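Student: My structure file run-v2.cif, mmCIF, C-alpha atoms and all ligand atoms, is below:
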```cif
data_model
loop_
_atom_site.label_atom_id
_atom_site.label_comp_id
_atom_site.auth_asym_id
_atom_site.auth_seq_id
_atom_site.Cartn_x
_atom_site.Cartn_y
_atom_site.Cartn_z
CA MET S 234 3.56 -13.15 22.71
CA LYS S 235 2.95 -9.41 22.86
CA VAL S 236 2.68 -7.50 19.58
CA LEU S 237 2.96 -3.76 18.90
CA MET S 238 1.19 -2.63 15.72
CA ILE S 239 2.33 0.75 14.39
CA GLY S 240 -0.32 2.67 12.42
CA SER S 241 -3.98 3.68 12.35
CA GLY S 242 -5.44 2.87 8.92
CA GLY S 243 -7.49 0.10 7.32
CA ARG S 244 -4.27 -1.75 6.53
CA GLU S 245 -3.28 -1.74 10.20
CA HIS S 246 -6.78 -2.87 11.24
CA VAL S 247 -6.70 -5.91 8.95
CA LEU S 248 -3.13 -6.71 10.10
CA THR S 249 -4.27 -6.50 13.72
CA TRP S 250 -7.33 -8.66 12.95
CA LYS S 251 -5.12 -11.28 11.29
CA LEU S 252 -2.43 -11.22 14.02
CA ALA S 253 -5.13 -11.53 16.71
CA GLN S 254 -6.19 -14.87 15.16
CA SER S 255 -2.78 -16.38 15.90
CA PRO S 256 -2.87 -18.72 18.92
CA ARG S 257 0.61 -17.40 19.70
CA VAL S 258 -0.57 -13.83 20.29
CA GLU S 259 -1.79 -12.94 23.80
CA LYS S 260 -1.91 -9.18 23.63
CA ILE S 261 -1.74 -6.49 20.94
CA TYR S 262 -0.98 -2.81 21.45
CA ALA S 263 -1.63 -0.32 18.63
CA ALA S 264 0.16 2.99 18.24
CA PRO S 265 -1.97 4.98 17.76
CA GLY S 266 -4.67 2.59 16.44
CA ASN S 267 -8.26 3.56 15.61
CA GLY S 268 -11.85 3.01 16.73
CA GLY S 269 -12.01 -0.48 15.18
CA MET S 270 -8.57 -1.64 16.25
CA ALA S 271 -9.58 -0.72 19.82
CA GLU S 272 -11.78 -3.86 19.89
CA LEU S 273 -8.73 -6.10 19.35
CA ALA S 274 -5.86 -4.07 20.73
CA GLU S 275 -5.04 -1.61 23.46
CA CYS S 276 -4.57 1.72 21.69
CA VAL S 277 -1.62 3.80 22.86
CA ASP S 278 -1.44 7.53 22.22
CA LEU S 279 1.85 7.57 20.27
CA SER S 280 2.41 9.00 16.80
CA VAL S 281 3.86 6.67 14.13
CA GLU S 282 6.63 9.24 13.66
CA ASP S 283 7.64 9.16 17.33
CA ILE S 284 10.39 6.56 16.99
CA PRO S 285 11.93 7.12 20.46
CA GLY S 286 8.46 7.01 22.05
CA CYS S 287 7.47 3.77 20.28
CA LEU S 288 10.83 2.20 21.13
CA ALA S 289 10.58 3.16 24.80
CA PHE S 290 7.05 1.71 24.90
CA ALA S 291 8.19 -1.57 23.31
CA LYS S 292 11.02 -1.95 25.82
CA GLU S 293 8.86 -1.06 28.80
CA HIS S 294 6.08 -3.49 27.80
CA GLN S 295 8.45 -6.26 26.71
CA ILE S 296 7.04 -6.42 23.21
CA ASP S 297 8.02 -9.61 21.35
CA LEU S 298 7.17 -8.42 17.82
CA THR S 299 6.62 -4.93 16.39
CA VAL S 300 4.92 -4.60 13.00
CA VAL S 301 5.38 -1.30 11.18
CA GLY S 302 2.37 -0.65 8.90
CA PRO S 303 2.89 2.70 7.13
CA GLU S 304 5.77 3.97 4.98
CA VAL S 305 6.63 7.14 6.91
CA PRO S 306 8.19 5.46 9.98
CA LEU S 307 9.93 2.92 7.71
CA VAL S 308 11.53 5.69 5.65
CA MET S 309 12.46 7.48 8.89
CA GLY S 310 14.33 4.40 10.13
CA MET S 311 12.06 2.93 12.81
CA VAL S 312 13.20 -0.61 12.00
CA ASP S 313 16.88 0.33 12.40
CA ALA S 314 16.16 1.83 15.83
CA PHE S 315 14.32 -1.31 17.01
CA GLU S 316 16.99 -3.64 15.59
CA ALA S 317 19.76 -1.63 17.25
CA ALA S 318 17.94 -2.14 20.57
CA GLY S 319 17.78 -5.90 19.93
CA LEU S 320 14.00 -5.98 19.40
CA LYS S 321 12.18 -8.12 16.83
CA VAL S 322 10.57 -5.90 14.20
CA PHE S 323 8.83 -6.51 10.87
CA GLY S 324 9.60 -4.15 7.99
CA PRO S 325 12.52 -3.00 5.83
CA ASN S 326 15.33 -0.89 7.26
CA LYS S 327 15.90 2.74 6.33
CA HIS S 328 18.27 1.94 3.47
CA CYS S 329 15.78 -0.45 1.84
CA ALA S 330 12.82 1.84 2.56
CA GLN S 331 14.33 4.28 0.04
CA PHE S 332 12.47 2.20 -2.56
CA GLU S 333 9.42 4.12 -1.38
CA GLY S 334 11.24 7.22 -0.08
CA SER S 335 12.95 8.05 -3.38
CA LYS S 336 11.64 7.50 -6.91
CA ALA S 337 15.16 8.09 -8.31
CA PHE S 338 16.59 5.40 -6.00
CA THR S 339 14.07 2.88 -7.37
CA LYS S 340 14.64 3.86 -11.00
CA GLY S 341 18.40 3.55 -10.51
CA PHE S 342 17.95 0.04 -9.09
CA LEU S 343 15.59 -1.05 -11.90
CA PHE S 344 17.94 0.18 -14.65
CA ARG S 345 21.07 -1.21 -12.97
CA HIS S 346 19.48 -4.67 -12.92
CA ASN S 347 17.75 -4.53 -16.32
CA ILE S 348 14.25 -4.77 -14.87
CA PRO S 349 11.66 -3.47 -17.36
CA THR S 350 10.38 0.02 -16.46
CA ALA S 351 9.68 3.37 -18.15
CA ALA S 352 12.64 5.44 -19.43
CA TYR S 353 13.48 8.27 -17.01
CA LYS S 354 15.71 11.24 -16.16
CA GLU S 355 16.29 12.90 -12.81
CA TYR S 356 16.91 16.57 -11.99
CA THR S 357 17.62 18.89 -9.10
CA ASP S 358 17.82 22.05 -11.23
CA PHE S 359 14.66 23.79 -12.45
CA ASP S 360 16.25 25.27 -15.61
CA GLU S 361 17.68 21.90 -16.66
CA ILE S 362 14.32 20.18 -16.42
CA ILE S 363 12.54 22.98 -18.27
CA LYS S 364 14.93 22.45 -21.21
CA ASP S 365 13.95 18.77 -21.27
CA LEU S 366 10.16 19.05 -20.94
CA GLY S 367 8.56 16.82 -23.51
CA VAL S 368 11.64 14.62 -24.16
CA TYR S 369 9.36 11.61 -23.97
CA GLY S 370 6.42 13.39 -25.67
CA TYR S 371 3.02 13.99 -24.04
CA PRO S 372 1.40 13.00 -21.80
CA MET S 373 4.55 13.03 -19.67
CA VAL S 374 5.03 11.80 -16.14
CA ILE S 375 6.53 14.05 -13.45
CA LYS S 376 7.31 12.65 -10.00
CA ALA S 377 8.49 14.44 -6.88
CA ASP S 378 11.32 12.19 -5.70
CA GLY S 379 10.35 11.91 -2.02
CA LEU S 380 7.27 10.94 -0.01
CA ALA S 381 4.28 13.13 -0.89
CA ALA S 382 1.39 11.19 0.67
CA GLY S 383 0.49 9.63 -2.68
CA LYS S 384 0.10 13.02 -4.41
CA GLY S 385 3.58 13.49 -5.89
CA VAL S 386 2.86 12.21 -9.43
CA LEU S 387 1.64 14.59 -12.16
CA ILE S 388 0.70 13.54 -15.69
CA PRO S 389 0.50 16.76 -17.77
CA GLU S 390 -0.93 16.50 -21.30
CA ASN S 391 0.98 19.45 -22.75
CA GLU S 392 3.99 21.69 -22.25
CA ALA S 393 2.12 24.50 -20.48
CA ASP S 394 0.74 22.11 -17.86
CA ALA S 395 4.14 20.43 -17.51
CA ARG S 396 5.81 23.78 -16.85
CA ALA S 397 3.10 24.72 -14.32
CA GLY S 398 3.59 21.36 -12.59
CA MET S 399 7.34 21.83 -12.38
CA GLU S 400 6.85 25.29 -10.90
CA MET S 401 4.46 23.89 -8.35
CA ILE S 402 6.95 21.23 -7.25
CA MET S 403 10.29 23.05 -7.53
CA LYS S 404 9.45 26.75 -7.07
CA LYS S 405 6.33 26.78 -4.87
CA ARG S 406 7.65 23.68 -3.15
CA GLU S 407 4.16 22.26 -2.73
CA PHE S 408 5.62 18.91 -1.55
CA GLY S 409 8.44 20.52 0.45
CA GLU S 410 11.76 18.67 0.40
CA ALA S 411 10.15 15.75 -1.42
CA GLY S 412 10.35 17.92 -4.55
CA ASP S 413 14.01 18.94 -4.27
CA LYS S 414 14.70 16.20 -6.78
CA VAL S 415 12.31 15.39 -9.62
CA VAL S 416 12.06 12.39 -11.94
CA ILE S 417 10.45 12.58 -15.36
CA GLU S 418 9.33 9.42 -17.12
CA GLU S 419 8.05 8.05 -20.36
CA PHE S 420 4.26 7.59 -20.14
CA LEU S 421 3.29 3.91 -20.16
CA THR S 422 -0.11 2.63 -21.26
CA GLY S 423 -1.83 -0.63 -20.33
CA GLN S 424 -3.51 -2.11 -17.29
CA GLU S 425 -2.22 -1.42 -13.80
CA ALA S 426 -1.91 -4.17 -11.22
CA SER S 427 -0.14 -4.48 -7.93
CA MET S 428 1.68 -7.45 -6.40
CA LEU S 429 2.37 -7.69 -2.68
CA CYS S 430 5.36 -9.89 -1.87
CA PHE S 431 7.03 -11.17 1.28
CA VAL S 432 10.82 -10.77 1.06
CA ASP S 433 13.42 -12.12 3.52
CA GLY S 434 16.58 -10.85 1.83
CA LYS S 435 17.08 -14.04 -0.24
CA THR S 436 13.60 -15.16 -1.24
CA ILE S 437 10.62 -13.28 -2.66
CA VAL S 438 7.15 -14.83 -2.35
CA PRO S 439 4.19 -13.08 -4.00
CA MET S 440 0.91 -13.14 -2.11
CA GLU S 441 -2.41 -13.75 -3.78
CA SER S 442 -3.10 -10.91 -6.24
CA ALA S 443 -5.49 -8.00 -5.86
CA GLN S 444 -6.93 -5.24 -8.01
CA ASP S 445 -7.18 -1.72 -6.61
CA TYR S 446 -9.63 0.96 -7.81
CA LYS S 447 -7.83 4.28 -7.44
CA ARG S 448 -10.30 6.84 -8.78
CA ALA S 449 -12.84 8.42 -6.45
CA TYR S 450 -16.00 7.73 -8.45
CA ASP S 451 -17.71 4.99 -10.49
CA ASN S 452 -16.39 4.26 -13.99
CA ASP S 453 -12.93 5.43 -12.89
CA GLU S 454 -14.01 9.06 -12.83
CA GLY S 455 -12.82 11.71 -10.38
CA LEU S 456 -9.46 12.23 -8.73
CA ASN S 457 -6.89 9.63 -7.73
CA THR S 458 -7.28 8.41 -4.15
CA GLY S 459 -5.38 6.03 -1.89
CA GLY S 460 -7.74 3.32 -3.18
CA MET S 461 -11.56 3.06 -3.05
CA GLY S 462 -11.88 -0.72 -3.17
CA THR S 463 -10.19 -3.98 -4.12
CA TYR S 464 -10.93 -7.54 -5.06
CA SER S 465 -8.75 -10.65 -4.86
CA PRO S 466 -7.66 -12.63 -6.86
CA ASN S 467 -7.07 -10.20 -9.70
CA VAL S 468 -8.36 -11.62 -13.01
CA LEU S 469 -5.25 -10.34 -14.83
CA PHE S 470 -3.08 -12.89 -13.02
CA ALA S 471 -5.13 -15.87 -14.24
CA ASP S 472 -2.73 -15.78 -17.23
CA GLU S 473 0.07 -18.30 -16.52
CA THR S 474 2.31 -16.95 -19.30
CA LEU S 475 2.15 -13.51 -17.70
CA ASN S 476 2.97 -14.94 -14.27
CA LYS S 477 6.02 -16.73 -15.73
CA ARG S 478 7.22 -13.51 -17.36
CA ILE S 479 6.76 -11.59 -14.11
CA LYS S 480 8.83 -14.18 -12.26
CA ALA S 481 11.62 -14.35 -14.85
CA GLU S 482 11.78 -10.66 -15.80
CA ILE S 483 10.87 -8.94 -12.55
CA LEU S 484 10.83 -11.06 -9.35
CA ASP S 485 14.04 -13.06 -9.92
CA PRO S 486 16.07 -10.01 -11.05
CA ILE S 487 14.79 -8.05 -8.02
CA ILE S 488 16.18 -10.65 -5.61
CA ASP S 489 19.43 -10.95 -7.57
CA GLY S 490 19.66 -7.14 -7.51
CA PHE S 491 19.11 -6.98 -3.74
CA ILE S 492 21.91 -9.51 -3.24
CA ALA S 493 24.26 -7.83 -5.75
CA ASP S 494 23.69 -4.43 -4.11
CA GLY S 495 24.14 -5.82 -0.59
CA MET S 496 20.59 -4.87 0.42
CA ASN S 497 19.11 -7.05 3.11
CA PHE S 498 15.48 -6.27 2.25
CA LYS S 499 13.10 -7.83 4.78
CA GLY S 500 9.39 -7.11 4.86
CA ILE S 501 6.80 -6.36 2.21
CA LEU S 502 7.68 -5.27 -1.31
CA PHE S 503 4.65 -3.82 -3.12
CA ILE S 504 5.33 -3.86 -6.86
CA GLY S 505 3.17 -1.55 -8.98
CA LEU S 506 3.01 -2.95 -12.52
CA MET S 507 1.79 -1.74 -15.90
CA ILE S 508 0.87 -4.61 -18.21
CA GLU S 509 0.36 -4.11 -21.94
CA ASN S 510 -0.10 -6.94 -24.45
CA GLY S 511 1.20 -9.40 -21.87
CA VAL S 512 4.39 -7.37 -21.22
CA PRO S 513 4.86 -6.35 -17.56
CA LYS S 514 6.83 -3.24 -16.53
CA VAL S 515 7.48 -1.84 -13.06
CA LEU S 516 5.84 1.52 -12.29
CA GLU S 517 6.91 1.83 -8.67
CA PHE S 518 7.86 0.05 -5.48
CA ASN S 519 6.31 0.57 -2.06
CA VAL S 520 7.74 -1.03 1.06
CA ARG S 521 4.55 -1.92 2.97
CA PHE S 522 1.20 -3.60 2.41
CA GLY S 523 -1.19 -1.82 0.03
CA ASP S 524 -4.28 -0.24 1.54
CA PRO S 525 -6.98 -1.45 0.70
CA GLU S 526 -5.21 -4.36 -1.08
CA ALA S 527 -4.28 -5.87 2.31
CA GLN S 528 -7.94 -6.05 3.34
CA SER S 529 -8.90 -8.35 0.42
CA VAL S 530 -5.67 -10.35 0.42
CA LEU S 531 -5.35 -11.03 4.16
CA MET S 532 -9.02 -12.09 4.38
CA ARG S 533 -7.93 -14.99 2.12
CA MET S 534 -4.78 -15.95 4.05
CA GLU S 535 -5.18 -19.22 5.97
CA SER S 536 -1.67 -19.41 7.46
CA ASP S 537 -0.60 -17.83 10.73
CA LEU S 538 0.76 -14.37 9.85
CA VAL S 539 3.04 -14.37 12.92
CA ASP S 540 4.86 -17.47 11.60
CA ILE S 541 5.36 -15.82 8.21
CA MET S 542 6.60 -12.56 9.71
CA GLU S 543 9.08 -14.45 11.87
CA ALA S 544 10.30 -16.44 8.85
CA VAL S 545 10.87 -13.13 7.02
CA ILE S 546 12.82 -11.67 9.95
CA GLU S 547 14.90 -14.85 10.36
CA GLY S 548 15.57 -15.28 6.63
CA LYS S 549 13.66 -18.59 6.50
CA LEU S 550 10.89 -17.70 4.06
CA ALA S 551 11.94 -20.47 1.63
CA ASP S 552 10.89 -23.06 4.27
CA CYS S 553 7.55 -21.41 4.96
CA GLU S 554 4.37 -22.65 3.31
CA ILE S 555 1.74 -19.95 2.89
CA LYS S 556 -1.83 -21.23 2.52
CA TRP S 557 -4.61 -19.29 0.83
CA SER S 558 -8.35 -19.78 0.65
CA ASN S 559 -9.90 -20.45 -2.77
CA LYS S 560 -12.67 -18.08 -1.84
CA GLU S 561 -12.64 -14.63 -3.42
CA ALA S 562 -12.67 -11.34 -1.54
CA VAL S 563 -14.16 -7.92 -2.21
CA CYS S 564 -13.51 -4.75 -0.21
CA VAL S 565 -15.36 -1.45 -0.67
CA VAL S 566 -14.20 1.74 1.03
CA ILE S 567 -16.67 4.23 2.54
CA ALA S 568 -15.07 7.69 2.43
CA SER S 569 -15.87 11.10 3.88
CA GLY S 570 -17.79 13.53 1.65
CA GLY S 571 -15.27 15.55 -0.36
CA TYR S 572 -12.41 13.01 -0.19
CA PRO S 573 -9.78 13.07 -1.72
CA GLY S 574 -10.23 16.86 -1.49
CA PRO S 575 -11.02 18.64 1.80
CA TYR S 576 -13.47 16.83 4.09
CA GLN S 577 -14.85 17.16 7.61
CA LYS S 578 -14.09 14.88 10.54
CA GLY S 579 -16.11 14.06 13.64
CA LYS S 580 -19.28 12.73 11.95
CA VAL S 581 -21.14 10.14 14.03
CA ILE S 582 -21.11 6.63 12.49
CA THR S 583 -24.08 4.30 12.99
CA GLY S 584 -25.26 0.91 11.75
CA ILE S 585 -22.05 -1.16 11.77
CA GLN S 586 -23.64 -3.64 14.18
CA ASP S 587 -26.34 -4.43 11.55
CA VAL S 588 -23.78 -5.57 8.97
CA LYS S 589 -23.84 -9.34 8.34
CA GLU S 590 -21.27 -11.73 6.79
CA CYS S 591 -18.71 -8.95 6.26
CA VAL S 592 -15.75 -7.68 8.24
CA VAL S 593 -15.80 -3.90 8.61
CA PHE S 594 -12.22 -2.69 8.85
CA HIS S 595 -11.80 0.83 10.17
CA ALA S 596 -9.55 3.20 8.22
CA GLY S 597 -10.30 6.61 9.72
CA THR S 598 -12.41 6.35 12.86
CA LYS S 599 -12.06 7.37 16.47
CA LEU S 600 -13.95 6.53 19.65
CA VAL S 601 -14.97 9.73 21.39
CA ASN S 602 -16.61 9.08 24.78
CA GLY S 603 -17.73 5.69 23.53
CA GLU S 604 -19.20 7.11 20.31
CA LEU S 605 -17.69 6.14 16.96
CA GLN S 606 -16.81 9.14 14.78
CA THR S 607 -15.13 9.70 11.41
CA ASN S 608 -11.49 10.72 11.65
CA GLY S 609 -10.08 10.56 8.11
CA GLY S 610 -10.74 10.61 4.37
CA ARG S 611 -11.17 6.89 4.02
CA VAL S 612 -13.36 5.83 6.95
CA LEU S 613 -14.42 2.17 6.71
CA CYS S 614 -13.63 -0.83 4.48
CA VAL S 615 -16.50 -3.31 4.14
CA THR S 616 -14.95 -6.64 3.18
CA ALA S 617 -16.47 -10.05 2.41
CA LEU S 618 -15.44 -13.48 1.18
CA GLY S 619 -17.53 -15.50 -1.28
CA GLU S 620 -17.35 -18.67 -3.36
CA THR S 621 -17.00 -16.32 -6.32
CA ARG S 622 -16.14 -12.66 -6.75
CA GLU S 623 -19.77 -11.99 -7.61
CA THR S 624 -21.11 -13.53 -4.38
CA ALA S 625 -18.55 -11.61 -2.32
CA ARG S 626 -19.54 -8.44 -4.14
CA LYS S 627 -23.26 -9.05 -3.50
CA THR S 628 -22.59 -9.57 0.21
CA VAL S 629 -20.69 -6.29 0.50
CA TYR S 630 -23.27 -4.24 -1.39
CA ALA S 631 -26.21 -5.87 0.46
CA ASN S 632 -24.69 -4.57 3.70
CA ILE S 633 -22.85 -1.35 2.99
CA GLY S 634 -26.04 0.75 2.94
CA LYS S 635 -26.70 -0.16 6.58
CA ILE S 636 -23.80 2.06 7.64
CA HIS S 637 -24.50 5.76 7.95
CA PHE S 638 -22.65 9.00 8.57
CA GLU S 639 -23.19 12.46 7.10
CA GLY S 640 -21.54 12.78 3.69
CA ALA S 641 -20.60 9.08 3.34
CA GLN S 642 -19.61 8.13 -0.23
CA TYR S 643 -18.54 4.88 -1.87
CA ARG S 644 -18.17 3.42 -5.34
CA THR S 645 -20.92 1.08 -6.54
CA ASP S 646 -18.82 -0.66 -9.20
CA ILE S 647 -16.00 -2.34 -7.26
CA ALA S 648 -15.33 -5.83 -8.70
CA LYS S 649 -18.15 -5.38 -11.20
CA PHE S 650 -17.66 -6.81 -14.68
CA ASN S 651 -20.16 -6.22 -17.46
P1 LIG S 701 3.47 5.93 -8.53
O1 LIG S 701 3.27 6.59 -7.19
O2 LIG S 701 4.84 6.01 -9.06
O3 LIG S 701 2.84 4.58 -8.64
O4 LIG S 701 2.51 6.73 -9.51
C1 LIG S 701 1.15 6.91 -9.21
C2 LIG S 701 0.30 6.59 -10.42
O5 LIG S 701 0.74 7.37 -11.53
C3 LIG S 701 0.42 5.15 -10.87
O6 LIG S 701 -0.44 4.33 -10.15
C4 LIG S 701 0.06 5.28 -12.33
O7 LIG S 701 -1.34 5.35 -12.49
C5 LIG S 701 0.64 6.61 -12.73
N1 LIG S 701 1.99 6.46 -13.30
C6 LIG S 701 3.17 6.49 -12.65
N2 LIG S 701 4.20 6.32 -13.49
C7 LIG S 701 3.66 6.20 -14.72
C8 LIG S 701 4.20 6.00 -16.04
N3 LIG S 701 5.52 5.95 -16.26
N4 LIG S 701 3.33 5.91 -17.06
C9 LIG S 701 2.00 5.99 -16.87
N5 LIG S 701 1.43 6.20 -15.67
C10 LIG S 701 2.24 6.28 -14.60
N1 LIG S 702 -3.71 1.26 -2.62
C1 LIG S 702 -2.45 1.73 -3.04
C2 LIG S 702 -1.43 1.85 -1.99
O1 LIG S 702 -1.56 1.35 -0.90
O2 LIG S 702 -0.40 2.46 -2.26
#
```
What do you get writing this file as structure tokens?

Tutor:
Amino acid sequence: MKVLMIGSGGREHVLTWKLAQSPRVEKIYAAPGNGGMAELAECVDLSVEDIPGCLAFAKEHQIDLTVVGPEVPLVMGMVDAFEAAGLKVFGPNKHCAQFEGSKAFTKGFLFRHNIPTAAYKEYTDFDEIIKDLGVYGYPMVIKADGLAAGKGVLIPENEADARAGMEMIMKKREFGEAGDKVVIEEFLTGQEASMLCFVDGKTIVPMESAQDYKRAYDNDEGLNTGGMGTYSPNVLFADETLNKRIKAEILDPIIDGFIADGMNFKGILFIGLMIENGVPKVLEFNVRFGDPEAQSVLMRMESDLVDIMEAVIEGKLADCEIKWSNKEAVCVVIASGGYPGPYQKGKVITGIQDVKECVVFHAGTKLVNGELQTNGGRVLCVTALGETRETARKTVYANIGKIHFEGAQYRTDIAKFN
């Protein structure tokens, strides 16, 4: 079969790598792809937001399966456009993608179905919200309702900072339309963990767990990023009592809620959790694989991903057995100097060919006249499997220093336990 992969990040590279292993796949196109995906797929110069362009390409090239990696085209309705044209496509439709496109939509769903989450209020009027600043005490959580490239959450410690944050979102419109509506939430404490799940409308199946490291620097210092590294399985989920609570209090009510609300959710549901004293609460939903969670998790998947994606699309996930390796995975991201703040692109990358026993997924790279250059904040994801987390970690760190580009930075404490 012919597959079209939409996207250009590390998540899309690992998806392409996994799909390419399927004996059923003859050819993969990537729109727009990246320097690493180019080794497995034919890269096509189409933006992920160009829904008519991607659809025309899929029709012209008789694509059998399109996989939508990032949230932006999902929220824009790419899946609806492909379905309307009778094409097979993996990902939630526009209605369901609101779980990532609107924080208020998700909170409404969670409350309606009694799924544990932080208390919240939503606003469209600046003066109304200013009256309520501090209703849940400080720190407080402020979220721009819409998509803000992972930057739309503020956690001010006091009223002055909260007011400044509200002005930034609602008056200066720093996140544009995404800030027309704002959600404020009670601040939850505990340990964060994410669960990636396959959902076919009737059945939800969690994948193996992963832990993401969001801060830019070692010891969780520095700014929040898209994720600087992951390991799988996540030690938090070794607790069977916690897993039972998550199933009974979160996963089962989610599926019942989808059915009650008439939502035919098909694709990936990424559940962000906060866990305190064994009590899980939902922080957020995303509607696509996590990046770099997917790198660690899919390295451990033994089943054919095409079969699973088809089962999701056909509503047959309950009949599908998903096999996982007992090995553990570690992924460390190499980022551009300055990330997550301003950074330069176009730095020449060398040394990848010297890396042993790891898979180097590309997140932000580009081939320019045959030369590999940096093309994003997160550049490469060095990923390894090991009998234990510690052996996987040693393999990654024994190799990562072989890769060079000007300004390269990475954390040295991913998957490290003292
Ligand atoms: P979100 O995009 O909703 O996941 O928020 C981004 C990050 O903000 C999360 O990963 C948490 O670290 C933090 N966060 C979001 N909501 C809350 C909350 N209610 N309490 C504490 N931290 C939160
Ligand atoms: N690594 C977090 C995310 O993909 O949203």

Student: Let me have all residues with an atom within 7 Å of ligand LIG 701 (chain S), counting all atoms listed in the file, laid out as an MDAnalysis selection string.

Tutor: chainID S and resid 351 374 383 386 418:422 425 505 516:517

Student: Report the closest atom pair, with its distance in Å rounded to one decimal, for each residue of chain S that has an atom no farther than 9 Å from ligand LIG 702 (chain S); count only C-alpha atoms and all ligand atoms, sort by chain and then rising residue number, and write it as a tab-separated table.

Tutor:
```
residue	atom	partner	partner_atom	distance
S:Arg244	CA	S:LIG702	O1	8.5
S:Gly383	CA	S:LIG702	O2	7.2
S:Ser427	CA	S:LIG702	C1	8.2
S:Asp445	CA	S:LIG702	N1	6.1
S:Tyr446	CA	S:LIG702	N1	7.9
S:Lys447	CA	S:LIG702	N1	7.0
S:Thr458	CA	S:LIG702	N1	8.1
S:Gly459	CA	S:LIG702	N1	5.1
S:Gly460	CA	S:LIG702	N1	4.6
S:Met461	CA	S:LIG702	N1	8.1
S:Gly462	CA	S:LIG702	N1	8.4
S:Thr463	CA	S:LIG702	N1	8.5
S:Phe503	CA	S:LIG702	O2	8.1
S:Gly505	CA	S:LIG702	O2	8.6
S:Asn519	CA	S:LIG702	O2	7.0
S:Arg521	CA	S:LIG702	O1	7.9
S:Phe522	CA	S:LIG702	O1	6.6
S:Gly523	CA	S:LIG702	O1	3.3
S:Asp524	CA	S:LIG702	O1	4.0
S:Pro525	CA	S:LIG702	N1	5.4
S:Glu526	CA	S:LIG702	N1	6.0
S:Ala527	CA	S:LIG702	O1	8.4
```

Student: Using Å and a single decimal, report how far atom CA of S:Ser442 sits from atom CA of S:Gln424.

Tutor: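 Computing the Euclidean distance for atom CA of S:Gln424 and atom CA of S:Ser442 yields 14.1 Å.
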
Student: To one decimal place in Å, what is the distance between atom CA of S:Cys564 and atom CA of S:Leu475?

Tutor: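 Straight-line distance from atom CA of S:Cys564 to atom CA of S:Leu475 works out to 25.1 Å.
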
Student: Which one is closest to S:Pro303: S:Ser241, S:Asn326, S:Asn510, S:Ser335? Count all atoms listed in the file.

Tutor: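 Of all the options, S:Ser241 lies closest to S:Pro303.
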
Student: Find the residue from S:Ile417, S:Lys627, S:Glu543, S:Ala411 that sits nearest to S:Tyr371; use only C-alpha atoms when measuring.

Tutor: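 Using only C-alpha atoms, S:Tyr371 sits closest to S:Ile417.
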
Student: Smallest atom-to-atom distance to S:Val322: which of S:Gly385, S:Lys251, S:Asp646, S:Lys499, using all atoms listed in the file?

Tutor: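 Using all atoms listed in the file, S:Val322 sits closest to S:Lys499.
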
Student: Could you jot down the atom CA of S:Glu407 to atom CA of S:Val305 separation for me, Å, one decimal place?

Tutor: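 According to the coordinates, atom CA of S:Glu407 and atom CA of S:Val305 are separated by 18.1 Å.
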
Student: With all atoms listed in the file as the basis for distance, which of S:Pro256, S:Gly511, S:Pro389, S:Gly434 is at the shortest distance from S:Phe491?

Tutor: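 Among S:Pro256, S:Gly511, S:Pro389, S:Gly434, it is S:Gly434 that comes nearest to S:Phe491.
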
Student: Which residues are near S:Leu502? Cut-off 7 Å, only C-alpha atoms, ignore same chain within fewer than 4 positions. Put them as a PyMOL selection string.

Tutor: chain S and resi 429-432+518-521

Student: What's the 10 Å shell around S:Lys589, counting all atoms listed in the file, without same-chain residues fewer than 5 positions away, as a PyMOL selection string?

Tutor: chain S and resi 617+628-629+631-633+635

Student: Keeping only C-alpha atoms, write the selected residues to a file as an mmCIF file, in the frame of the given file.

Tutor:
```
data_model
loop_
_atom_site.group_PDB
_atom_site.id
_atom_site.type_symbol
_atom_site.label_atom_id
_atom_site.label_comp_id
_atom_site.auth_asym_id
_atom_site.auth_seq_id
_atom_site.Cartn_x
_atom_site.Cartn_y
_atom_site.Cartn_z
ATOM 1 C CA ALA S 617 -16.470 -10.050 2.410
ATOM 2 C CA THR S 628 -22.590 -9.570 0.210
ATOM 3 C CA VAL S 629 -20.690 -6.290 0.500
ATOM 4 C CA ALA S 631 -26.210 -5.870 0.460
ATOM 5 C CA ASN S 632 -24.690 -4.570 3.700
ATOM 6 C CA ILE S 633 -22.850 -1.350 2.990
ATOM 7 C CA LYS S 635 -26.700 -0.160 6.580
#
```

Student: Which residue, S:Ile501, S:Val539, S:Ala493, S:Leu380, has the smallest gap to S:Lys235 when you use all atoms listed in the file?

Tutor: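 Using all atoms listed in the file, S:Lys235 sits closest to S:Val539.
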
Student: Would you mind listing what lies within 10 Å of S:Gly574 as a short mmCIF file (atom, residue, chain, number, x, y, z; two decimals) with C-alpha atoms, keeping the file's coordinate frame, with all atoms listed in the file counted and same-chain residues fewer than 4 positions away left out?

Tutor:
```cif
data_model
loop_
_atom_site.label_atom_id
_atom_site.label_comp_id
_atom_site.auth_asym_id
_atom_site.auth_seq_id
_atom_site.Cartn_x
_atom_site.Cartn_y
_atom_site.Cartn_z
CA LEU S 456 -9.46 12.23 -8.73
CA THR S 458 -7.28 8.41 -4.15
CA SER S 569 -15.87 11.10 3.88
CA GLY S 570 -17.79 13.53 1.65
CA GLY S 610 -10.74 10.61 4.37
#
```

Student: If we count all atoms listed in the file, what is near S:Lys292 at a cut-off of 10 Å, once residues fewer than 6 positions away on the same chain are taken out, given as a PDB file with C-alpha atoms, in the coordinates of the input?

Tutor:
```pdb
ATOM      1  CA  PHE S 315      14.320  -1.310  17.010  1.00  0.00           C
ATOM      2  CA  ALA S 318      17.940  -2.140  20.570  1.00  0.00           C
ATOM      3  CA  GLY S 319      17.780  -5.900  19.930  1.00  0.00           C
ATOM      4  CA  LEU S 320      14.000  -5.980  19.400  1.00  0.00           C
TER       5      LEU S 320
END
```
